[in-house]
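Coordinates as given in upload-v8.cif (mmCIF, C-alpha atoms):
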data_input
#
loop_
_atom_site.label_atom_id
_atom_site.label_comp_id
_atom_site.auth_asym_id
_atom_site.auth_seq_id
_atom_site.Cartn_x
_atom_site.Cartn_y
_atom_site.Cartn_z
CA MET A 1 83.94 142.51 87.91
CA ASN A 2 80.91 140.95 89.58
CA ASP A 3 79.50 140.24 86.12
CA PHE A 4 82.62 138.26 85.30
CA MET A 5 82.40 136.27 88.51
CA THR A 6 78.70 135.55 87.96
CA PHE A 7 79.41 134.46 84.40
CA VAL A 8 82.23 132.11 85.42
CA GLU A 9 80.27 130.79 88.38
CA ARG A 10 77.34 129.94 86.12
CA ALA A 11 79.61 127.80 83.97
CA VAL A 12 81.67 126.18 86.73
CA GLN A 13 79.31 125.73 89.68
CA PRO A 14 77.16 122.89 88.23
CA ILE A 15 80.17 120.81 87.16
CA HIS A 16 80.73 117.45 88.86
CA ALA A 17 84.36 117.79 89.96
CA THR A 18 86.50 118.33 93.04
CA ALA A 19 86.29 121.71 94.75
CA ALA A 20 90.01 122.28 94.03
CA ARG A 21 89.55 121.67 90.30
CA LYS A 22 86.57 124.00 90.16
CA ARG A 23 88.45 126.67 92.09
CA GLU A 24 91.31 126.52 89.60
CA MET A 25 88.92 126.64 86.64
CA ARG A 26 87.25 129.72 88.12
CA GLU A 27 90.51 131.51 88.76
CA GLU A 28 91.99 130.75 85.37
CA MET A 29 88.93 131.75 83.36
CA LEU A 30 88.41 134.87 85.44
CA THR A 31 91.99 135.89 84.67
CA HIS A 32 91.36 135.33 80.96
CA ILE A 33 88.20 137.44 80.97
CA ARG A 34 90.05 140.23 82.79
CA PHE A 35 92.76 140.19 80.10
CA ALA A 36 90.09 140.27 77.39
CA TYR A 37 88.37 143.14 79.19
CA ASP A 38 91.61 145.13 79.38
CA GLU A 39 92.12 144.53 75.68
CA GLU A 40 88.60 145.69 74.86
CA LEU A 41 89.01 148.70 77.12
CA ARG A 42 92.02 149.83 75.06
CA GLN A 43 89.74 150.03 72.02
CA SER A 44 86.74 151.57 73.73
CA THR A 45 86.26 154.07 76.53
CA ASP A 46 82.95 152.55 77.54
CA ALA A 47 83.63 150.11 80.40
CA ARG A 48 80.20 148.49 80.11
CA ALA A 49 80.61 147.82 76.38
CA ALA A 50 84.12 146.47 77.01
CA ALA A 51 82.82 144.08 79.68
CA ASP A 52 80.02 142.88 77.39
CA ALA A 53 82.46 142.35 74.54
CA ALA A 54 84.84 140.38 76.79
CA LEU A 55 82.02 138.09 77.90
CA ARG A 56 80.74 137.70 74.34
CA ARG A 57 84.19 136.65 73.22
CA PHE A 58 84.34 134.04 75.95
CA GLY A 59 81.19 132.30 74.71
CA ASN A 60 78.01 130.83 76.01
CA THR A 61 77.95 129.56 79.61
CA SER A 62 75.85 126.46 78.93
CA ASP A 63 78.15 125.29 76.09
CA LEU A 64 81.16 126.07 78.23
CA GLN A 65 79.71 124.12 81.15
CA LEU A 66 79.24 121.04 78.95
CA GLN A 67 82.78 121.30 77.60
CA LEU A 68 84.25 121.80 81.06
CA GLN A 69 82.30 118.83 82.37
CA ALA A 70 83.62 116.68 79.52
CA SER A 71 87.17 117.70 80.41
CA VAL A 72 86.87 116.27 83.94
CA PRO A 73 88.21 112.69 84.21
CA LEU A 74 85.43 110.11 84.11
CA PHE A 75 86.00 108.64 87.57
CA GLU A 76 85.98 112.05 89.23
CA ARG A 77 82.87 112.99 87.27
CA LEU A 78 81.00 109.89 88.44
CA VAL A 79 82.09 110.16 92.06
CA PHE A 80 81.14 113.82 92.32
CA CYS A 81 77.90 113.28 90.48
CA PHE A 82 76.76 111.06 93.37
CA LEU A 83 78.49 112.98 96.15
CA ARG A 84 76.90 116.31 95.29
CA LYS A 85 75.24 118.02 98.20
CA GLU A 86 72.02 118.36 96.24
CA THR A 87 71.95 114.66 95.39
CA LEU A 88 72.58 113.62 98.96
CA MET A 89 69.97 116.01 100.21
CA SER A 90 67.39 114.92 97.70
CA ALA A 91 65.09 112.03 98.39
CA TRP A 92 66.87 109.40 96.32
CA PRO A 93 68.63 107.70 99.23
CA TRP A 94 65.29 107.59 101.01
CA MET A 95 63.71 106.05 97.94
CA VAL A 96 66.35 103.33 97.81
CA CYS A 97 65.83 102.59 101.53
CA TRP A 98 62.07 102.55 101.01
CA PHE A 99 62.37 99.95 98.28
CA ALA A 100 64.85 97.88 100.26
CA ILE A 101 62.52 97.75 103.28
CA LEU A 102 59.54 96.86 101.12
CA ILE A 103 61.37 94.11 99.28
CA VAL A 104 62.34 92.59 102.64
CA MET A 105 58.72 92.95 103.83
CA LEU A 106 57.41 91.31 100.65
CA VAL A 107 59.77 88.38 101.11
CA VAL A 108 59.03 87.94 104.83
CA ALA A 109 55.29 88.72 104.83
CA PRO A 110 52.69 85.94 104.40
CA GLY A 111 51.27 85.48 100.89
CA GLU A 112 47.85 87.04 101.56
CA MET A 113 49.43 90.31 102.67
CA ARG A 114 51.58 90.75 99.56
CA PRO A 115 49.01 92.61 97.38
CA ALA A 116 48.40 95.12 100.20
CA LEU A 117 52.15 95.59 100.70
CA ALA A 118 52.63 96.03 96.97
CA ALA A 119 49.99 98.78 96.98
CA VAL A 120 51.67 100.43 99.96
CA ALA A 121 55.00 100.18 98.12
CA LEU A 122 53.58 101.84 95.05
CA ILE A 123 51.96 104.74 96.90
CA GLY A 124 55.05 105.24 99.05
CA ALA A 125 57.39 105.17 96.05
CA VAL A 126 55.28 107.74 94.25
CA GLY A 127 55.35 109.87 97.39
CA VAL A 128 59.11 109.66 97.76
CA ALA A 129 59.68 110.19 94.04
CA ARG A 130 57.53 113.27 94.28
CA LEU A 131 60.01 114.75 96.75
CA THR A 132 62.65 114.77 94.03
CA TRP A 133 60.54 116.50 91.40
CA ASP A 134 59.76 120.14 90.85
CA ASN A 135 56.83 121.82 92.48
CA HIS A 136 54.84 122.62 89.36
CA THR A 137 53.29 119.34 88.33
CA ALA A 138 49.54 119.01 87.78
CA ILE A 139 49.32 116.85 90.92
CA THR A 140 50.92 119.61 92.99
CA ARG A 141 48.43 122.11 91.61
CA TRP A 142 45.55 119.87 92.74
CA LEU A 143 46.89 118.43 95.98
CA GLY A 144 49.04 121.34 97.09
CA PRO A 145 52.76 121.42 97.83
CA ARG A 146 54.39 118.64 99.90
CA TRP A 147 51.76 116.12 98.79
CA GLY A 148 54.55 113.55 98.72
CA TRP A 149 54.73 113.61 102.50
CA ARG A 150 50.95 113.08 102.69
CA ALA A 151 51.14 110.16 100.29
CA LEU A 152 53.91 108.73 102.45
CA ALA A 153 51.76 109.09 105.57
CA ILE A 154 48.81 107.41 103.85
CA ALA A 155 51.12 104.58 102.73
CA PHE A 156 53.01 104.27 106.01
CA GLY A 157 49.88 103.98 108.19
CA PRO A 158 48.69 100.69 106.62
CA SER A 159 52.17 99.22 107.03
CA ILE A 160 51.48 99.41 110.79
CA ILE A 161 47.77 98.57 110.65
CA LEU A 162 47.91 95.53 108.34
CA PRO A 163 50.44 93.45 110.33
CA ALA A 164 48.60 94.35 113.57
CA LEU A 165 45.28 93.23 112.09
CA ALA A 166 46.87 90.01 110.82
CA LYS A 167 48.30 89.28 114.26
CA LEU A 168 44.97 90.06 115.93
CA LYS A 169 43.14 87.74 113.52
CA HIS A 170 45.65 84.97 114.16
CA ALA A 171 45.37 85.41 117.93
CA MET A 172 41.57 85.27 117.69
CA GLN A 173 41.73 82.12 115.56
CA ILE A 174 43.89 80.25 118.04
CA GLY A 175 41.94 81.71 120.96
CA ASP A 176 45.03 82.94 122.76
CA MET A 177 44.93 86.67 123.43
CA PRO A 178 47.25 87.82 126.26
CA HIS A 179 46.43 91.35 127.50
CA ASP A 180 49.85 92.85 126.82
CA ILE A 181 49.77 91.66 123.18
CA VAL A 182 46.25 93.05 122.70
CA ARG A 183 47.37 96.37 124.23
CA THR A 184 50.34 96.56 121.84
CA LEU A 185 48.15 95.73 118.86
CA VAL A 186 45.54 98.33 119.82
CA VAL A 187 48.27 100.96 120.18
CA ALA A 188 49.65 99.97 116.74
CA LEU A 189 46.15 100.17 115.22
CA ILE A 190 45.50 103.60 116.76
CA LEU A 191 48.92 104.90 115.71
CA GLY A 192 48.56 103.60 112.14
CA SER A 193 45.03 104.98 111.85
CA LEU A 194 46.19 108.33 113.21
CA ILE A 195 48.97 108.54 110.62
CA VAL A 196 46.56 107.65 107.80
CA PHE A 197 44.02 110.13 109.16
CA ILE A 198 46.60 112.94 109.28
CA GLY A 199 47.61 112.16 105.67
CA LEU A 200 44.01 112.09 104.46
CA ALA A 201 42.91 115.13 106.46
CA SER A 202 45.90 117.12 105.30
CA THR A 203 45.23 116.16 101.67
CA ALA A 204 41.55 117.06 102.01
CA HIS A 205 42.51 120.41 103.55
CA ALA A 206 44.98 121.13 100.72
CA VAL A 207 42.37 120.29 98.08
CA ALA A 208 39.73 122.41 99.84
CA THR A 209 42.16 125.33 100.14
CA ARG A 210 43.06 124.98 96.48
CA ARG A 211 39.38 125.02 95.46
CA ARG A 212 38.80 128.12 97.57
CA THR A 213 41.79 130.06 96.30
CA GLN A 214 42.01 129.02 92.65
CA PRO A 215 39.29 128.86 90.04
CA VAL A 216 38.84 125.33 88.69
CA MET B 1 97.42 124.16 70.85
CA LEU B 2 100.40 121.84 71.14
CA SER B 3 101.91 123.69 68.21
CA ALA B 4 101.30 127.03 69.92
CA LEU B 5 103.10 125.76 73.01
CA ARG B 6 106.06 124.58 70.93
CA LYS B 7 106.96 128.26 70.63
CA GLY B 8 107.37 128.41 74.38
CA ASP B 9 105.49 128.19 77.66
CA ALA B 10 102.35 130.31 77.78
CA HIS B 11 99.17 130.99 79.70
CA GLY B 12 95.70 130.55 78.20
CA PHE B 13 95.30 134.08 76.86
CA GLU B 14 98.75 133.95 75.25
CA ILE B 15 98.00 130.58 73.64
CA LEU B 16 94.85 132.07 72.17
CA LYS B 17 96.77 135.02 70.73
CA ARG B 18 99.32 132.65 69.19
CA LEU B 19 96.52 130.59 67.64
CA GLU B 20 94.89 133.70 66.22
CA GLU B 21 98.21 134.89 64.77
CA SER B 22 98.92 131.49 63.25
CA GLY B 23 95.47 131.43 61.71
CA SER B 24 96.02 134.92 60.23
CA GLY B 25 92.69 136.03 61.61
CA ALA B 26 90.78 133.28 59.77
CA LEU B 27 90.60 131.15 62.92
CA SER B 28 87.89 132.39 65.22
CA LEU B 29 86.92 130.43 68.29
CA LYS B 30 84.98 131.11 71.44
CA GLU B 31 87.69 131.87 73.95
CA GLY B 32 86.09 129.86 76.73
CA SER B 33 86.38 126.64 74.72
CA LEU B 34 90.18 126.92 74.97
CA TYR B 35 90.18 125.90 78.63
CA PRO B 36 88.31 122.58 78.39
CA ALA B 37 90.70 121.66 75.57
CA LEU B 38 93.70 122.60 77.70
CA TYR B 39 92.36 120.54 80.61
CA ARG B 40 91.92 117.51 78.35
CA LEU B 41 95.46 117.86 77.06
CA GLU B 42 96.70 118.16 80.62
CA THR B 43 94.78 115.04 81.68
CA ALA B 44 96.37 113.22 78.74
CA LYS B 45 99.76 114.49 80.04
CA LEU B 46 100.52 116.18 76.73
CA ILE B 47 100.93 119.52 78.49
CA GLN B 48 101.61 120.50 82.07
CA GLY B 49 100.06 123.47 83.81
CA GLN B 50 101.54 125.31 86.75
CA TRP B 51 100.42 128.43 88.57
CA GLU B 52 103.01 131.16 88.25
CA GLU B 53 104.68 132.31 91.43
CA ASP B 54 105.93 135.67 90.30
CA SER B 55 105.15 137.85 93.29
CA ALA B 56 106.67 140.91 91.58
CA ARG B 57 104.06 140.88 88.82
CA ARG B 58 100.83 142.72 89.52
CA GLY B 59 97.42 141.42 88.49
CA PRO B 60 95.68 138.05 88.74
CA ARG B 61 97.61 134.78 88.93
CA ARG B 62 98.15 132.99 85.63
CA ARG B 63 98.49 129.30 84.89
CA ILE B 64 101.43 128.62 82.63
CA TYR B 65 101.35 125.62 80.32
CA THR B 66 104.40 123.71 79.15
CA LEU B 67 104.62 121.11 76.41
CA THR B 68 105.70 117.74 77.85
CA GLN B 69 107.87 115.16 76.10
CA ARG B 70 104.79 113.13 75.36
CA GLY B 71 103.16 116.26 73.94
CA ARG B 72 106.15 116.87 71.65
CA ARG B 73 105.95 113.31 70.36
CA ARG B 74 102.19 113.62 69.81
CA LEU B 75 102.68 116.91 67.96
CA SER B 76 105.31 115.38 65.74
CA GLU B 77 103.03 112.40 64.96
CA ALA B 78 100.08 114.70 64.27
CA ARG B 79 102.19 116.82 61.91
CA GLY B 80 103.30 113.71 60.03
CA GLU B 81 99.70 112.49 59.75
CA PHE B 82 98.51 115.88 58.56
CA GLN B 83 101.28 116.21 55.97
CA GLN B 84 100.39 112.77 54.66
CA PHE B 85 96.71 113.72 54.53
CA VAL B 86 97.49 116.96 52.67
CA SER B 87 99.72 115.18 50.17
CA VAL B 88 97.10 112.47 49.49
CA VAL B 89 94.17 114.88 49.17
CA GLY B 90 96.34 117.38 47.29
CA GLY B 91 97.25 114.63 44.84
CA ILE B 92 93.60 113.69 44.33
CA LEU B 93 92.51 117.28 43.83
CA GLY B 94 95.52 118.10 41.66
CA VAL B 95 96.65 120.90 43.97
CA ALA B 96 100.38 121.66 43.78
CA GLN B 97 102.26 120.82 46.99
#
As C-alpha cells, what does this structure read like?
Amino acid sequence: MNDFMTFVERAVQPIHATAARKREMREEMLTHIRFAYDEELRQSTDARAAADAALRRFGNTSDLQLQLQASVPLFERLVFCFLRKETLMSAWPWMVCWFAILIVMLVVAPGEMRPALAAVALIGAVGVARLTWDNHTAITRWLGPRWGWRALAIAFGPSIILPALAKLKHAMQIGDMPHDIVRTLVVALILGSLIVFIGLASTAHAVATRRRTQPV
Amino acid sequence: MLSALRKGDAHGFEILKRLEESGSGALSLKEGSLYPALYRLETAKLIQGQWEEDSARRGPRRRIYTLTQRGRRRLSEARGEFQQFVSVVGGILGVAQ
C-alpha cells in the first residue's frame, strides 16, 4: 500500500494547485489503484506481482504529473506556481529586492559612482542567483558551497565603503569635517571593510580547503 | 468518456471498464490518464463529480461522475460531427456505410 501512496505522491506532489484539489486527486487515484490491485490479485496469488501490474497499468508518474498539471485551471496554476513554499523560500524575492535597491541607488547616486555601483550590482546579482541554483556547478566545486553568500558579502561591503569615501572626499574638499560625521564615516569604512574581508577570507579558506582535499 | 457516462453515473474505474468494453479490447490506455481527462471535463462543466457518501459500503471512498446537461449537448454535437466525418471519409474511400 505504501508503494501506491509513494507512486501517487510522486505524481501529485509537484503539481501547482490548491491543497484541496491535490488531496482529492490523491484519494481518487489511490482508490483506482486499489481496485486495479484487487483485480490483478484475482488473477495472481503473488501480491507483489499484482501490485507491480496495477502500477504498470496506471502509467508513468512523470507523464501523469504533466497531464494532471494541465488539467488544473490556468489561474490556479499560475497563483500556486508563485505561492509554492519552495518558491517563496528560494532567493528569488531577495533577488528582486536586490535589483530594486540597486536601481534606486543608481538613480540617486552621483554619476561618478555609477560604474562602481553597477559592478556591485552584478556581483551581488550573481551571488543571489547562485542561491537558487543547484550545488554542483563548476564554481561551487572551486569556491565551495555557499559561495553566493561570500559574493554577496564582497559586493555588500563596497556599497557601504564607496558612499562613505565619497562623503569623506566631499567633506575634505569643502574643509568642513565635524567630529561626529568623521566618526560615523570611519565606522562605516571599518564595517564595510570587515564585511569585504570576511567574504574574501572565507572564499580564500574555501579554495584552500578545496585544494587540500581534492586533487586539481 | 461522455458516452460512457451516458450509460449512467460511474466512478473512474467503472468508466474505464465501460471504455474498454466499448472498444472491444482494442482500446488500451494508461489508466492514470483517465483522471486528468475527467478533471478537464469537470472544469468545462460537461460532467460533475461528487464523493459518494455511502457509509454502508466498505473500502475507499469513490468519486462518482454524472453527465451534466451541457455534457449531453456536447456529446450529441460530437456524435453528429463524427457521423458526418465518417460519412464524408467513407464516401471518399468507397466504404459502405
Distance table requested - chain B against chain A, cut-off 8 Å, only C-alpha atoms: one row per qualifying residue with the closest atom pair and its distance in Å to one decimal, ordered by chain and rising residue number, as a Markdown table.
| residue | atom | partner | partner_atom | distance |
| --- | --- | --- | --- | --- |
| B:Gly12 | CA | A:His32 | CA | 7.0 |
| B:Phe13 | CA | A:His32 | CA | 5.8 |
| B:Lys30 | CA | A:Gly59 | CA | 5.1 |
| B:Glu31 | CA | A:Phe58 | CA | 4.5 |
| B:Gly32 | CA | A:Phe58 | CA | 4.6 |
| B:Ser33 | CA | A:Leu64 | CA | 6.3 |
| B:Tyr35 | CA | A:Leu68 | CA | 7.6 |
| B:Pro36 | CA | A:Leu68 | CA | 4.9 |
| B:Ala37 | CA | A:Ser71 | CA | 7.2 |
| B:Tyr39 | CA | A:Ser71 | CA | 5.9 |
| B:Arg40 | CA | A:Ser71 | CA | 5.2 |
| B:Thr43 | CA | A:Pro73 | CA | 7.4 |
| B:Pro60 | CA | A:Thr31 | CA | 5.9 |
| B:Arg61 | CA | A:Thr31 | CA | 7.1 |
| B:Arg62 | CA | A:Glu28 | CA | 6.6 |
| B:Arg63 | CA | A:Glu28 | CA | 6.7 |
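Closest to Val96 (chain A) among A:Ala121, A:Gly157, A:His205, A:Ala47 is A:Ala121, based on all atoms listed in the file.
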- Task: Can you work out which one of B:Leu27, B:Leu2, B:Ile92, B:Val86 has the shortest atom-to-atom distance to Lys45 (chain B), counting all atoms listed in the file?
- Result: B:Leu2
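Counting all atoms listed in the file, region 74-78 of chain B has the following residues at most 8 Å away, ignoring those fewer than 4 positions along the same chain: Leu2, Ser3, Leu46, Arg70 and Phe82 of chain B.
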Keeping only C-alpha atoms, write those residues as a compact mmCIF listing (two decimals), keeping the file's coordinate frame.
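Below is the file again.txt, written as the result:
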# COMPACT_ATOMS: atom_id res chain seq x y z
CA LEU B 2 100.40 121.84 71.14
CA SER B 3 101.91 123.69 68.21
CA LEU B 46 100.52 116.18 76.73
CA ARG B 70 104.79 113.13 75.36
CA PHE B 82 98.51 115.88 58.56
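Coordinates place CA of Ala164 (chain A) at a distance of 11.7 Å from CA of Met113 (chain A).
Going from CA of Ala100 (chain A) over to CA of Leu189 (chain A), you cover 24.1 Å.
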With 6 Å added on each side, what axis-aligned box encloses every listed atom of region 67-83 of chain B? Give the centre and edge lengths in Å to one decimal, as lines of an AutoDock Vina configuration file.
center_x = 103.2
center_y = 116.8
center_z = 66.9
size_x = 21.4
size_y = 20.7
size_z = 33.9
Counting all atoms listed in the file, what is within 8 Å of Ile161 (chain A), bar same-chain residues fewer than 6 positions away, as an mmCIF file with C-alpha atoms, in the coordinates of the input?
data_model
loop_
_atom_site.group_PDB
_atom_site.id
_atom_site.type_symbol
_atom_site.label_atom_id
_atom_site.label_comp_id
_atom_site.auth_asym_id
_atom_site.auth_seq_id
_atom_site.Cartn_x
_atom_site.Cartn_y
_atom_site.Cartn_z
ATOM 1 C CA ALA A 188 49.650 99.970 116.740
ATOM 2 C CA LEU A 189 46.150 100.170 115.220
ATOM 3 C CA GLY A 192 48.560 103.600 112.140
ATOM 4 C CA SER A 193 45.030 104.980 111.850
#
- Do a neighbour search on Ala116 (chain A) at 9 Å with all atoms listed in the file, toss out local chain neighbours closer than 3 positions, and write the hits as a PyMOL selection string. chain A and resi 112-113+119-121+158-159+162
Filtering to C-alpha atoms, could you give me those residues as a CSV table (one decimal), in the coordinates of the input?
chain,number,residue,atom,x,y,z
A,112,GLU,CA,47.8,87.0,101.6
A,113,MET,CA,49.4,90.3,102.7
A,119,ALA,CA,50.0,98.8,97.0
A,120,VAL,CA,51.7,100.4,100.0
A,121,ALA,CA,55.0,100.2,98.1
A,158,PRO,CA,48.7,100.7,106.6
A,159,SER,CA,52.2,99.2,107.0
A,162,LEU,CA,47.9,95.5,108.3
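In this model, the gap between CA of Thr203 (chain A) and CA of Ala153 (chain A) comes to 10.4 Å.
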- Message: Neighbouring residues of Thr68 (chain B) were defined as those with any atom within 7 Å, considering only C-alpha atoms; residues of the same chain fewer than 4 positions away were excluded. Please report them as a PyMOL selection string.
- Response: chain B and resi 46-48+72
